[in-house]
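So this one's start-v3.txt, compact mmCIF, C-alpha atoms and all ligand atoms:
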```
# COMPACT_ATOMS: atom_id res chain seq x y z
CA MET A 646 87.95 -36.45 59.40
CA SER A 647 86.70 -34.09 56.70
CA GLU A 648 85.76 -35.60 53.38
CA VAL A 649 88.32 -35.24 50.59
CA VAL A 650 86.82 -34.36 47.23
CA ASN A 651 89.12 -35.15 44.35
CA LYS A 652 88.60 -35.11 40.61
CA THR A 653 86.94 -38.16 39.08
CA LEU A 654 89.47 -39.70 36.73
CA ASN A 655 88.61 -41.15 33.34
CA ILE A 656 90.12 -44.50 32.55
CA GLY A 657 90.43 -46.33 29.25
CA ILE A 658 91.10 -50.05 29.07
CA CYS A 659 92.75 -51.63 26.02
CA GLY A 660 92.14 -55.38 25.94
CA LEU A 661 89.42 -57.20 27.83
CA GLY A 662 90.94 -60.66 28.27
CA THR A 663 91.72 -62.32 31.60
CA VAL A 664 93.47 -59.32 33.17
CA GLY A 665 91.44 -56.52 31.52
CA GLY A 666 88.16 -58.29 32.31
CA GLY A 667 89.32 -58.91 35.88
CA THR A 668 90.25 -55.25 36.25
CA LEU A 669 86.86 -54.05 35.09
CA ALA A 670 85.10 -56.46 37.44
CA LEU A 671 87.28 -55.46 40.39
CA LEU A 672 86.62 -51.76 39.83
CA THR A 673 82.90 -52.50 40.08
CA ASP A 674 83.07 -55.00 42.96
CA ASN A 675 85.28 -52.79 45.14
CA ALA A 676 84.04 -49.40 43.96
CA ASP A 677 83.03 -48.19 47.44
CA GLU A 678 86.30 -49.24 49.06
CA ILE A 679 88.31 -47.64 46.25
CA ARG A 680 86.32 -44.39 46.52
CA ARG A 681 87.04 -44.24 50.27
CA ARG A 682 90.76 -44.82 49.70
CA LEU A 683 90.98 -42.28 46.90
CA GLY A 684 88.50 -39.59 47.79
CA SER A 685 87.12 -39.73 44.25
CA ASP A 686 85.61 -42.13 41.74
CA ILE A 687 87.43 -44.05 39.06
CA LYS A 688 85.34 -44.12 35.94
CA VAL A 689 86.02 -46.44 33.02
CA THR A 690 84.81 -44.33 30.12
CA ARG A 691 86.10 -46.29 27.16
CA ILE A 692 87.10 -49.86 26.45
CA ALA A 693 88.67 -51.36 23.36
CA THR A 694 88.09 -55.04 22.76
CA ARG A 695 87.85 -57.17 19.67
CA THR A 696 85.13 -59.38 21.07
CA LEU A 697 82.52 -58.82 23.73
CA ASP A 698 81.70 -62.51 24.21
CA GLY A 699 78.80 -61.71 26.54
CA LYS A 700 81.10 -59.77 28.93
CA ASP A 701 79.36 -57.58 31.48
CA LEU A 702 80.52 -54.05 30.71
CA HIS A 703 79.01 -52.56 33.84
CA ARG A 704 78.82 -48.78 33.40
CA VAL A 705 81.34 -48.26 30.61
CA GLU A 706 80.24 -45.47 28.29
CA THR A 707 81.94 -46.40 25.02
CA VAL A 708 83.19 -49.63 23.54
CA SER A 709 85.50 -49.60 20.52
CA SER A 710 87.00 -52.35 18.47
CA ASP A 711 90.10 -50.25 17.75
CA VAL A 712 92.57 -49.85 20.64
CA PHE A 713 93.81 -46.57 19.16
CA ASP A 714 90.38 -45.04 19.85
CA VAL A 715 91.38 -45.18 23.53
CA VAL A 716 94.82 -43.70 22.80
CA ASN A 717 93.22 -40.84 20.84
CA ASP A 718 90.45 -40.10 23.35
CA VAL A 719 91.47 -36.72 24.83
CA ASP A 720 89.25 -37.17 27.89
CA ILE A 721 91.09 -40.24 29.12
CA ASP A 722 93.59 -39.56 31.93
CA ILE A 723 94.99 -43.05 32.40
CA LEU A 724 95.20 -45.87 29.84
CA ILE A 725 95.32 -49.46 31.05
CA GLU A 726 97.12 -51.75 28.61
CA THR A 727 95.96 -55.34 29.09
CA ILE A 728 96.26 -56.48 25.48
CA GLY A 729 99.42 -58.50 26.16
CA GLY A 730 102.06 -59.48 23.61
CA TYR A 731 104.06 -57.07 21.49
CA ASP A 732 101.82 -55.88 18.67
CA PRO A 733 99.88 -53.58 18.92
CA ALA A 734 100.57 -53.21 22.68
CA LEU A 735 104.00 -51.61 22.21
CA ASP A 736 102.63 -49.02 19.82
CA VAL A 737 99.64 -48.34 22.06
CA ILE A 738 101.89 -47.63 25.06
CA LYS A 739 104.36 -45.50 23.09
CA ARG A 740 101.63 -43.38 21.53
CA ALA A 741 99.69 -42.99 24.78
CA LEU A 742 102.82 -41.85 26.67
CA SER A 743 103.75 -39.47 23.84
CA LYS A 744 100.27 -37.95 24.07
CA GLY A 745 100.85 -37.27 27.78
CA LYS A 746 98.66 -40.09 29.08
CA HIS A 747 99.71 -42.11 32.09
CA VAL A 748 99.77 -45.84 31.41
CA VAL A 749 99.27 -48.87 33.62
CA THR A 750 100.43 -52.12 32.05
CA ALA A 751 100.52 -55.79 33.01
CA ASN A 752 102.82 -56.53 30.09
CA LYS A 753 106.05 -58.02 31.45
CA ALA A 754 107.40 -58.85 27.98
CA LEU A 755 107.20 -55.21 26.93
CA ILE A 756 108.70 -53.89 30.16
CA ALA A 757 111.53 -56.46 30.15
CA GLU A 758 112.38 -56.08 26.47
CA HIS A 759 111.43 -52.46 25.70
CA GLY A 760 111.24 -50.89 29.16
CA ASN A 761 114.42 -48.80 28.86
CA GLU A 762 112.96 -47.01 25.85
CA LEU A 763 109.42 -46.81 27.25
CA PHE A 764 110.52 -45.29 30.57
CA GLU A 765 112.56 -42.76 28.63
CA ILE A 766 109.48 -41.74 26.64
CA ALA A 767 107.44 -41.55 29.86
CA GLN A 768 110.03 -39.33 31.52
CA GLN A 769 110.29 -37.03 28.51
CA ASN A 770 106.52 -36.58 28.59
CA LYS A 771 106.37 -36.25 32.40
CA VAL A 772 103.99 -39.15 32.76
CA VAL A 773 104.06 -42.43 34.65
CA LEU A 774 104.30 -45.92 33.18
CA ALA A 775 103.22 -48.20 36.05
CA TYR A 776 103.82 -51.95 35.90
CA GLU A 777 103.22 -53.59 39.31
CA SER A 778 101.02 -56.28 37.75
CA SER A 779 103.74 -57.35 35.31
CA VAL A 780 105.57 -59.34 38.02
CA ALA A 781 104.12 -62.00 40.32
CA GLY A 782 100.42 -61.22 39.81
CA GLY A 783 98.92 -59.83 42.99
CA ILE A 784 102.12 -59.68 45.07
CA PRO A 785 103.27 -56.04 45.42
CA ILE A 786 106.91 -56.92 44.75
CA ILE A 787 107.73 -53.87 42.62
CA LYS A 788 106.59 -51.58 45.42
CA ALA A 789 108.53 -53.65 47.96
CA LEU A 790 111.77 -53.53 45.98
CA ARG A 791 111.50 -49.95 44.80
CA GLU A 792 110.09 -48.32 47.91
CA GLY A 793 109.90 -50.63 50.90
CA LEU A 794 113.52 -51.82 50.63
CA ALA A 795 114.97 -48.61 49.18
CA ALA A 796 117.31 -48.15 52.15
CA ASN A 797 119.13 -51.40 51.38
CA SER A 798 121.79 -52.63 49.04
CA ILE A 799 120.16 -55.79 47.72
CA ASN A 800 122.41 -58.86 47.93
CA TRP A 801 120.16 -61.32 46.15
CA LEU A 802 116.61 -62.29 45.35
CA ALA A 803 115.22 -65.69 44.46
CA GLY A 804 111.69 -66.56 43.56
CA ILE A 805 109.08 -68.84 42.15
CA ILE A 806 107.72 -66.43 39.58
CA ASN A 807 105.74 -68.51 37.13
CA GLY A 808 102.45 -69.77 38.52
CA THR A 809 101.77 -72.14 35.63
CA GLY A 810 105.18 -73.81 35.98
CA ASN A 811 104.80 -74.12 39.74
CA PHE A 812 101.27 -75.50 39.34
CA ILE A 813 102.53 -78.11 36.86
CA MET A 814 105.53 -79.16 38.98
CA THR A 815 103.42 -79.34 42.16
CA GLU A 816 100.68 -81.44 40.57
CA MET A 817 103.20 -83.75 38.87
CA ALA A 818 105.11 -84.32 42.11
CA SER A 819 102.14 -84.69 44.47
CA LYS A 820 99.52 -86.40 42.28
CA GLN A 821 101.61 -88.13 39.62
CA ARG A 822 99.61 -86.27 36.93
CA GLN A 823 100.80 -85.97 33.34
CA PHE A 824 102.44 -82.74 32.17
CA GLU A 825 99.95 -82.03 29.31
CA ASP A 826 96.93 -82.68 31.51
CA VAL A 827 98.05 -80.16 34.15
CA LEU A 828 99.03 -77.58 31.53
CA ALA A 829 95.54 -77.79 29.97
CA GLU A 830 94.01 -77.13 33.38
CA ALA A 831 96.32 -74.12 33.97
CA GLN A 832 95.23 -72.70 30.61
CA LYS A 833 91.57 -73.19 31.46
CA LEU A 834 92.05 -71.40 34.78
CA GLY A 835 93.61 -68.39 33.03
CA TYR A 836 97.10 -68.85 34.53
CA ALA A 837 99.03 -69.67 31.37
CA GLU A 838 100.30 -67.23 28.77
CA ALA A 839 98.63 -67.13 25.35
CA ASP A 840 101.69 -69.05 24.14
CA PRO A 841 102.30 -71.54 26.97
CA THR A 842 105.90 -72.15 25.85
CA PHE A 843 106.56 -68.79 27.55
CA ASP A 844 105.64 -70.48 30.83
CA ILE A 845 107.22 -73.87 30.21
CA GLU A 846 110.50 -72.70 28.71
CA GLY A 847 111.06 -70.05 31.37
CA ILE A 848 110.63 -66.98 29.15
CA ASP A 849 107.80 -65.56 31.29
CA ALA A 850 109.92 -66.03 34.43
CA ALA A 851 112.94 -64.48 32.68
CA HIS A 852 110.87 -61.40 31.83
CA LYS A 853 109.89 -61.04 35.48
CA LEU A 854 113.42 -61.68 36.77
CA THR A 855 114.83 -59.11 34.35
CA ILE A 856 112.46 -56.50 35.79
CA MET A 857 113.11 -57.40 39.43
CA GLY A 858 116.89 -57.59 38.90
CA SER A 859 116.93 -54.16 37.35
CA ILE A 860 115.04 -52.63 40.27
CA ALA A 861 117.08 -54.54 42.84
CA PHE A 862 120.47 -53.45 41.52
CA GLY A 863 119.72 -50.29 39.57
CA ILE A 864 120.95 -51.76 36.29
CA PRO A 865 119.33 -51.27 32.87
CA LEU A 866 116.80 -53.92 31.81
CA GLN A 867 118.80 -56.65 30.05
CA PHE A 868 116.46 -59.47 29.10
CA ASP A 869 118.92 -60.81 26.53
CA ARG A 870 121.53 -61.32 29.30
CA THR A 871 119.17 -63.31 31.56
CA TYR A 872 119.99 -67.03 31.39
CA THR A 873 116.79 -68.99 30.73
CA GLU A 874 116.07 -72.69 31.15
CA GLY A 875 112.53 -74.13 31.44
CA ILE A 876 110.91 -77.15 33.07
CA SER A 877 110.26 -79.25 29.98
CA GLN A 878 113.36 -81.43 30.54
CA ILE A 879 112.48 -82.33 34.15
CA THR A 880 111.44 -85.95 34.46
CA ALA A 881 109.48 -87.84 37.10
CA GLU A 882 112.73 -89.76 37.84
CA ASP A 883 114.59 -86.57 38.70
CA ILE A 884 111.75 -85.42 40.97
CA SER A 885 111.82 -88.76 42.76
CA TYR A 886 115.69 -89.01 43.03
CA ALA A 887 115.79 -85.45 44.35
CA GLU A 888 113.17 -86.39 46.95
CA GLU A 889 115.28 -89.34 48.10
CA LEU A 890 118.13 -86.93 48.71
CA GLY A 891 115.90 -84.60 50.73
CA TYR A 892 115.24 -82.05 47.98
CA CYS A 893 112.40 -80.86 45.82
CA ILE A 894 112.75 -79.29 42.38
CA LYS A 895 111.39 -75.78 41.88
CA HIS A 896 111.67 -73.49 38.90
CA LEU A 897 113.45 -70.43 40.30
CA GLY A 898 114.53 -67.03 39.12
CA ILE A 899 117.71 -65.93 40.91
CA ALA A 900 119.39 -62.53 40.76
CA ARG A 901 122.53 -62.14 42.84
CA ARG A 902 125.31 -59.64 43.28
CA SER A 903 128.58 -61.57 43.15
CA GLY A 904 132.23 -60.47 43.22
CA LYS A 905 132.48 -60.48 39.43
CA GLY A 906 129.12 -58.97 38.45
CA ILE A 907 125.45 -59.79 38.62
CA GLU A 908 123.95 -63.23 38.15
CA MET A 909 120.57 -63.32 36.43
CA ARG A 910 119.31 -66.84 35.89
CA VAL A 911 116.08 -68.79 35.55
CA HIS A 912 116.25 -72.58 35.79
CA PRO A 913 114.96 -75.65 37.63
CA THR A 914 116.62 -75.78 41.04
CA LEU A 915 117.03 -78.33 43.82
CA LEU A 916 115.98 -76.92 47.18
CA THR A 917 116.20 -78.65 50.54
CA LYS A 918 112.61 -79.57 51.42
CA SER A 919 112.63 -77.50 54.61
CA ARG A 920 113.31 -74.22 52.77
CA LEU A 921 110.48 -71.68 52.59
CA LEU A 922 110.39 -71.67 48.80
CA ALA A 923 110.25 -75.46 48.68
CA ASN A 924 106.86 -75.29 50.35
CA VAL A 925 105.16 -72.92 47.93
CA GLY A 926 102.74 -75.02 45.91
CA GLY A 927 100.18 -74.65 43.16
CA VAL A 928 99.88 -71.37 41.30
CA GLY A 929 101.55 -69.59 44.21
CA ASN A 930 104.50 -67.29 43.65
CA ALA A 931 107.02 -66.41 46.34
CA ILE A 932 110.04 -64.16 46.26
CA LEU A 933 112.79 -63.93 48.84
CA VAL A 934 114.70 -60.67 48.81
CA HIS A 935 117.85 -60.22 50.86
CA GLY A 936 118.87 -56.66 51.72
CA ASN A 937 122.16 -55.84 53.43
CA LYS A 938 120.39 -54.17 56.36
CA VAL A 939 117.00 -55.86 56.57
CA GLY A 940 118.20 -59.43 55.90
CA ALA A 941 115.87 -61.88 54.16
CA THR A 942 112.27 -60.86 53.47
CA LEU A 943 109.57 -63.03 51.88
CA TYR A 944 106.66 -62.09 49.59
CA ASN A 945 104.11 -64.77 48.88
CA GLY A 946 100.74 -64.94 47.14
CA ALA A 947 98.87 -65.67 43.94
CA GLY A 948 101.12 -65.06 40.96
CA ALA A 949 98.54 -65.43 38.21
CA GLY A 950 94.81 -65.33 37.55
CA ALA A 951 92.30 -62.60 36.80
CA GLU A 952 91.54 -61.29 40.28
CA ALA A 953 95.08 -61.40 41.69
CA THR A 954 96.56 -59.62 38.68
CA ALA A 955 93.70 -57.10 38.61
CA SER A 956 94.49 -56.35 42.25
CA ALA A 957 97.93 -55.10 41.19
CA VAL A 958 96.59 -53.21 38.14
CA VAL A 959 94.09 -51.34 40.29
CA ALA A 960 96.71 -50.68 43.00
CA ASP A 961 98.75 -48.87 40.32
CA LEU A 962 95.62 -47.03 39.25
CA ILE A 963 94.97 -45.88 42.80
CA ASP A 964 98.61 -44.81 43.26
CA LEU A 965 98.53 -42.85 40.04
CA SER A 966 95.19 -41.27 40.81
CA ARG A 967 96.46 -40.11 44.21
CA HIS A 968 99.51 -38.72 42.46
CA LEU A 969 97.39 -36.85 39.91
CA ASN A 970 95.02 -35.57 42.56
CA SER A 971 97.98 -34.24 44.56
CA GLY A 972 98.68 -31.83 41.71
CA ALA A 973 102.29 -33.02 41.32
CA GLN A 974 103.66 -32.45 37.82
CA ALA A 975 106.52 -34.91 37.55
CA PRO A 976 106.61 -38.62 38.33
CA LEU A 977 107.26 -39.14 42.01
CA TYR A 978 109.97 -41.73 41.69
CA PRO A 979 112.34 -43.18 39.10
CA ALA A 980 110.57 -45.93 37.19
CA LEU A 981 113.21 -48.55 38.05
CA GLY A 982 113.97 -47.18 41.50
CA TYR A 983 117.23 -45.35 40.74
CA TRP A 984 117.87 -41.95 39.17
CA GLU A 985 121.50 -43.01 38.67
CA MET A 986 121.66 -46.35 36.91
CA ASP A 987 124.71 -48.64 37.08
CA GLU A 988 125.70 -49.10 33.44
CA GLU A 989 129.08 -50.64 34.29
CA THR A 990 128.53 -53.81 36.34
CA PRO A 991 128.10 -56.70 33.91
CA VAL A 992 125.43 -59.38 33.99
CA LEU A 993 127.56 -62.53 34.09
CA ASP A 994 127.60 -65.33 31.54
CA ILE A 995 126.14 -68.48 33.04
CA GLU A 996 129.53 -70.20 32.65
CA ASP A 997 131.01 -67.67 35.08
CA ILE A 998 128.71 -68.53 37.98
CA GLU A 999 129.50 -70.94 40.78
CA ALA A 1000 126.90 -73.37 42.11
CA GLU A 1001 126.33 -76.82 43.50
CA TYR A 1002 124.96 -79.39 41.06
CA TYR A 1003 122.80 -82.50 40.79
CA LEU A 1004 123.95 -84.83 38.00
CA ARG A 1005 122.09 -87.86 36.66
CA ILE A 1006 124.53 -89.91 34.64
CA PRO A 1007 123.24 -92.87 32.59
CA ALA A 1008 126.04 -95.42 32.69
CA VAL A 1009 126.71 -99.05 31.85
CA ASP A 1010 126.94 -101.06 35.08
CA ARG A 1011 130.54 -102.30 34.98
CA VAL A 1012 133.64 -102.15 37.12
CA GLY A 1013 135.63 -98.92 37.02
CA VAL A 1014 132.94 -96.54 35.69
CA MET A 1015 132.60 -94.65 38.94
CA ALA A 1016 136.39 -94.33 39.20
CA LYS A 1017 136.56 -92.77 35.72
CA ILE A 1018 133.76 -90.31 36.53
CA SER A 1019 135.42 -89.34 39.84
CA SER A 1020 138.74 -88.82 38.12
CA ILE A 1021 137.24 -86.48 35.51
CA LEU A 1022 135.44 -84.48 38.20
CA GLN A 1023 138.68 -84.24 40.19
CA ASP A 1024 140.56 -83.01 37.10
CA HIS A 1025 138.04 -80.16 36.90
CA HIS A 1026 138.32 -79.30 40.62
CA ILE A 1027 134.81 -80.59 41.34
CA SER A 1028 134.32 -82.24 44.68
CA ILE A 1029 131.56 -84.80 45.28
CA GLU A 1030 129.14 -84.31 48.18
CA ALA A 1031 126.97 -87.43 47.71
CA VAL A 1032 126.56 -90.31 45.26
CA ILE A 1033 123.78 -92.81 44.81
CA GLN A 1034 123.62 -95.56 42.27
CA LYS A 1035 120.09 -96.61 41.35
CA GLU A 1036 118.85 -99.98 40.12
CA ALA A 1037 119.66 -100.70 36.50
CA ILE A 1038 117.02 -99.71 33.91
CA SER A 1039 117.68 -102.27 31.11
CA GLU A 1040 121.44 -101.96 30.41
CA THR A 1041 121.74 -98.54 31.99
CA VAL A 1042 122.24 -97.63 35.61
CA PRO A 1043 121.52 -94.06 36.69
CA ILE A 1044 124.31 -92.61 38.85
CA ILE A 1045 123.19 -89.58 40.84
CA ILE A 1046 125.87 -87.19 42.06
CA LEU A 1047 125.61 -84.07 44.17
CA THR A 1048 128.65 -81.81 43.92
CA HIS A 1049 130.07 -79.17 46.21
CA THR A 1050 130.41 -75.64 44.80
CA ALA A 1051 132.01 -75.64 41.36
CA GLN A 1052 132.45 -73.23 38.50
CA GLU A 1053 129.86 -73.85 35.78
CA LYS A 1054 132.45 -73.68 33.01
CA GLN A 1055 134.48 -76.44 34.69
CA LEU A 1056 131.33 -78.47 35.23
CA ASN A 1057 130.35 -78.20 31.57
CA GLN A 1058 133.81 -79.39 30.52
CA ALA A 1059 133.58 -82.29 32.96
CA ILE A 1060 130.11 -83.23 31.66
CA ALA A 1061 131.43 -83.25 28.06
CA ALA A 1062 134.38 -85.45 29.08
CA ILE A 1063 132.14 -87.89 31.00
CA GLU A 1064 129.63 -88.08 28.13
CA ALA A 1065 132.52 -89.01 25.81
CA LEU A 1066 133.28 -92.17 27.85
CA ASP A 1067 132.24 -95.48 26.24
CA ASP A 1068 130.46 -96.42 29.46
CA ILE A 1069 127.99 -93.52 29.25
CA THR A 1070 124.78 -94.29 27.37
CA GLY A 1071 123.13 -90.90 26.97
CA LYS A 1072 123.00 -87.22 27.90
CA ILE A 1073 123.77 -86.23 31.48
CA THR A 1074 121.01 -84.31 33.28
CA ARG A 1075 122.35 -81.32 35.23
CA ILE A 1076 120.24 -79.36 37.73
CA ARG A 1077 121.62 -76.53 39.85
CA VAL A 1078 121.21 -76.71 43.64
CA GLU A 1079 120.49 -73.56 45.71
CA PRO A 1080 121.72 -74.01 49.28
CA PHE A 1081 121.10 -70.40 50.50
CA HIS A 1082 124.30 -70.75 52.53
CA GLY A 1083 124.01 -69.35 56.01
CA GLU A 1084 120.56 -67.82 55.52
CA ALA A 1085 117.51 -68.62 57.62
CA THR A 1086 115.37 -69.09 54.54
N1 LIG B 1101 101.55 -67.13 32.87
C1 LIG B 1101 101.93 -66.40 34.02
C2 LIG B 1101 102.14 -67.39 35.16
C3 LIG B 1101 100.85 -65.43 34.38
O1 LIG B 1101 101.77 -68.54 35.02
O2 LIG B 1101 102.74 -67.02 36.16
C4 LIG B 1101 101.31 -64.31 35.23
O3 LIG B 1101 102.37 -63.62 34.70
```

Please render this file's structure as structure tokens.
Amino acid sequence: MSEVVNKTLNIGICGLGTVGGGTLALLTDNADEIRRRLGSDIKVTRIATRTLDGKDLHRVETVSSDVFDVVNDVDIDILIETIGGYDPALDVIKRALSKGKHVVTANKALIAEHGNELFEIAQQNKVVLAYESSVAGGIPIIKALREGLAANSINWLAGIINGTGNFIMTEMASKQRQFEDVLAEAQKLGYAEADPTFDIEGIDAAHKLTIMGSIAFGIPLQFDRTYTEGISQITAEDISYAEELGYCIKHLGIARRSGKGIEMRVHPTLLTKSRLLANVGGVGNAILVHGNKVGATLYNGAGAGAEATASAVVADLIDLSRHLNSGAQAPLYPALGYWEMDEETPVLDIEDIEAEYYLRIPAVDRVGVMAKISSILQDHHISIEAVIQKEAISETVPIIILTHTAQEKQLNQAIAAIEALDDITGKITRIRVEPFHGEAT
């Protein structure tokens, strides 16, 4: 085959932390392979970083301490935003797009919360804002949803999309390690967000689910409508009771088309141990996507860390470079996968969903308590699938109930009524169960 000679593209990187540093290293390590795939070189001509910290800058020509030096550099074709957070990253992206630069970002918070506006600016300026690395690290899930599954109407997707949370839950369950100890290790390994509450309280996962849900269903990005619950309330007791019942607890993001609208929710979830997602451990991410023609498909891999995330950043860079070298003027595809967005279908309130539930009810061990609980559940049309009563802890006995499908609003009312009983000694723990009815998943 004859050799393709394309233009060498100039790249600027803003932010040289875990992802930016990983990107620079990958471009050097895999330079030959990338050149063969692209038919030209990728040259990092300018970097902006506040601290060099002994980093190896390879063959970068210019280093600035001001990120706007990269934005204002007229020779740069593509800007990589790996600063993270909101300020100054949002301004950097807006200004770069407005100046006609293509941008590759790993910033899920910005895409989830400001993406509608940013994609609009990109389109007006006929440039691309690429964001593969913003969701699930090295797994090419954006490409899969937007291109690979484009022939389908997506029914649902469900995934483990926070590596830190999954690492913590896996270590706690398998090695009986303490929460803080595992979190510190995740931070050291570069998995955790700068503010780890984003990982633990589900915000990071909600950003990613918002992005995937939008691409799956062609709806505008609606982070504020995504229900978000983290892992900080999960106790070792719940992990162990769930195990006795044949389940494990995973922190899942679920987006589903239902009769009434679209469910977008992030929360701890009981999964039967034999399910595919139940067996994804450590920092691994995995996303199941169900299309109406293809059925269930699974994407699995490293969801965090310098090299895995850099893999997705550089994939975007290669895509964009091919696009630029093809001479095309306009972006090749709609940023969120649809030229016609669905502005009508609502994202449902969490109280409007239906699910199965695990309840841990702390009760006084006396005659008639179970009858009262059953009666309240019956009044709210909630049917019981299984009950176990554990040994008393001091005065309190934990009653564990698994319900059949119920409406969340009814369940919340039932929980309030049960908690009001004299026999109940504390708050009821409620964890949703995902049965994946009828699916070979
Ligand atoms: N803190 C994130 C995680 C990094 O743990 O998954 C990748 O987004």

Show me which residues are within 7 Å of ligand LIG 1101 (chain B) counting only C-alpha atoms and all ligand atoms, and format the list as a ChimeraX atom specification.
/A:779-782,806-810,836-838,844,849,948-950

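In this comparison, which uses only C-alpha atoms, the residue of A:Ala947, A:Ile932, A:Arg1005, A:Arg1075 approaching Val1032 (chain A) most closely is A:Arg1005.
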
What are the centre and the three edge lengths of an axis-aligned box that wraps all atoms of region 742-754 of chain A in the file, given that 4 Å is added to every side, written as JSON and rounded to one decimal in Å?
```
{"center_x": 103.0, "center_y": -48.1, "center_z": 28.7, "size_x": 16.7, "size_y": 29.6, "size_z": 17.8}
```

Show me, as a PyMOL selection string, the residues that have an atom within 8 Å of Asn651 (chain A) when counting all atoms listed in the file, minus same-chain residues fewer than 6 positions from it.
chain A and resi 683-685+970

Neighbour list for region 757-768 of chain A as a PyMOL selection string, cut-off 9 Å, only C-alpha atoms, skip fewer than 4 positions in-chain:
chain A and resi 735+738-739+742-743+745-748+752-753+772-774+851-856+865-869+975-976+979-981

Which polymer residues have any atom within 6 Å of an atom of region 1052-1067 of chain A, counting all atoms listed in the file, with same-chain residues fewer than 6 positions away left out, as a short mmCIF file (atom, residue, chain, number, x, y, z; two decimals) with C-alpha atoms, in the coordinates of the input?
```
data_model
loop_
_atom_site.label_atom_id
_atom_site.label_comp_id
_atom_site.auth_asym_id
_atom_site.auth_seq_id
_atom_site.Cartn_x
_atom_site.Cartn_y
_atom_site.Cartn_z
CA GLU A 996 129.53 -70.20 32.65
CA ILE A 998 128.71 -68.53 37.98
CA GLU A 999 129.50 -70.94 40.78
CA LEU A 1022 135.44 -84.48 38.20
CA HIS A 1025 138.04 -80.16 36.90
#
```

What are the closest atom pairs, with distances in Å to one decimal, for each residue of region 952-1025 of chain A lying within 7 Å of region 894-909 of chain A, using all atoms listed in the file, rows by chain and rising residue number, as JSON lines?
```
{"residue": "A:Thr990", "atom": "CA", "partner": "A:Gly906", "partner_atom": "CA", "distance": 5.6}
{"residue": "A:Pro991", "atom": "CA", "partner": "A:Gly906", "partner_atom": "CA", "distance": 5.2}
{"residue": "A:Val992", "atom": "CA", "partner": "A:Ile907", "partner_atom": "CA", "distance": 4.6}
{"residue": "A:Leu993", "atom": "CA", "partner": "A:Glu908", "partner_atom": "CA", "distance": 5.5}
```

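What separates CA of Lys918 (chain A) from CA of Glu888 (chain A) is a distance of 8.2 Å.
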